[in-house]
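Below is one structure, written out as structure tokens; the observations come after it.
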Amino acid sequence: MLHAPLLDQLPGLFRNDTLHHLDKTSALLLVALTTAACAALVLVNIVKTRYLQSTPWVLSSALRRTITAAADLCTTIALVWGALSLAPQMFYQYYRTIIPGLPSQWVTSWITPGELLTLLQLQQATTLASLATGVLLLTLLVSFFLCWVALPVRKLA
């Protein structure tokens, strides 16, 4: 169900992406797996942030709120760093189920801060995976901003 005109509009360097070498069912399952993993990461991040915001300690002063927001941002970055570092292993295991003969091996390495910053620059994406990762990072940053600045939990009177 991949839309042919949409695929035609993708830049040429995305045409050689691994996704395009899979059959339609495997490609759709890969997109579903990616979407579910991204949605779970965003949901966990929002629930974590909202929980931290609602604790009485945070609601009692502006300084405590600022300290907690900074700690929450660090936790969000650590969560993203861990998830993005382990994601290649999850996808490799998926490829092992659809491509016979792939050996069992560890394929991940820890992402560097420079790689995280590069992923945020969407125009430098060289694969669909790096583009999706950049969009995920931006989504997490926007959700963090919305939770702490635009939609803060208010202290009940």
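In the structure tokens, each chain is lettered A, B, ... as it comes, each chain's residues begin at 1, and ligands are numbered from 1 in order of appearance.
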
Ala83 (chain A) environment, 10 Å, only C-alpha atoms, sequence neighbours closer than 5 positions dropped, as a PyMOL selection string: chain A and resi 37-38+41+77-78+88+90+110-111

What's around region 138-143 of chain A at 7 Å? Count only C-alpha atoms, leave out sequence neighbours fewer than 4 positions away in its own chain, and write the answer as an mmCIF file with N, CA and C atoms, in the first residue's frame.
```
data_model
loop_
_atom_site.group_PDB
_atom_site.id
_atom_site.type_symbol
_atom_site.label_atom_id
_atom_site.label_comp_id
_atom_site.auth_asym_id
_atom_site.auth_seq_id
_atom_site.Cartn_x
_atom_site.Cartn_y
_atom_site.Cartn_z
ATOM 1 N N VAL A 42 7.528 8.348 22.612
ATOM 2 C CA VAL A 42 6.897 9.649 22.851
ATOM 3 C C VAL A 42 5.921 9.554 24.024
ATOM 4 N N ILE A 46 6.112 11.639 27.548
ATOM 5 C CA ILE A 46 5.052 12.552 27.998
ATOM 6 C C ILE A 46 4.524 12.147 29.373
ATOM 7 N N LEU A 120 19.166 15.762 14.071
ATOM 8 C CA LEU A 120 18.201 16.864 14.188
ATOM 9 C C LEU A 120 18.154 17.727 12.931
ATOM 10 N N GLY A 134 15.242 11.849 12.973
ATOM 11 C CA GLY A 134 15.239 13.295 13.154
ATOM 12 C C GLY A 134 13.865 13.828 13.497
ATOM 13 N N CYS A 147 4.892 20.430 27.224
ATOM 14 C CA CYS A 147 4.552 20.010 28.587
ATOM 15 C C CYS A 147 5.053 20.995 29.642
#
```

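Atom pair CA of Ala87 (chain A) / CA of Lys24 (chain A): separated by 21.7 Å.
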
In Å, rounded to a single decimal, give me how far CA of Thr76 (chain A) is from CA of Gln121 (chain A).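 According to the coordinates, CA of Gln121 (chain A) and CA of Thr76 (chain A) are separated by 18.7 Å.
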
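When only C-alpha atoms are used to compute distances to Leu117 (chain A), the closest of the residues A:Phe144, A:Trp81, A:Tyr51, A:Tyr92 turns out to be A:Trp81.
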
Identify all residues of region 8-155 of chain A in helix (DSSP H, G or I) (DSSP on the backbone) and supply them as a PyMOL selection string. chain A and resi 8-9+12-16+18-21+24-54+56-59+62-98+113-120+122-124+128-150

May I ask which of the residues A:Tyr95, A:Leu29, A:Thr127, A:Gly82 is the closest one to Thr108 (chain A), counting only C-alpha atoms? A:Gly82

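Here CA of Leu63 (chain A) is placed at a distance of 21.9 Å from CA of Val47 (chain A).
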
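Taking only C-alpha atoms into account, Ala129 (chain A) lies nearest to A:Phe91 out of the set A:Val58, A:Leu52, A:Phe91, A:Arg65.
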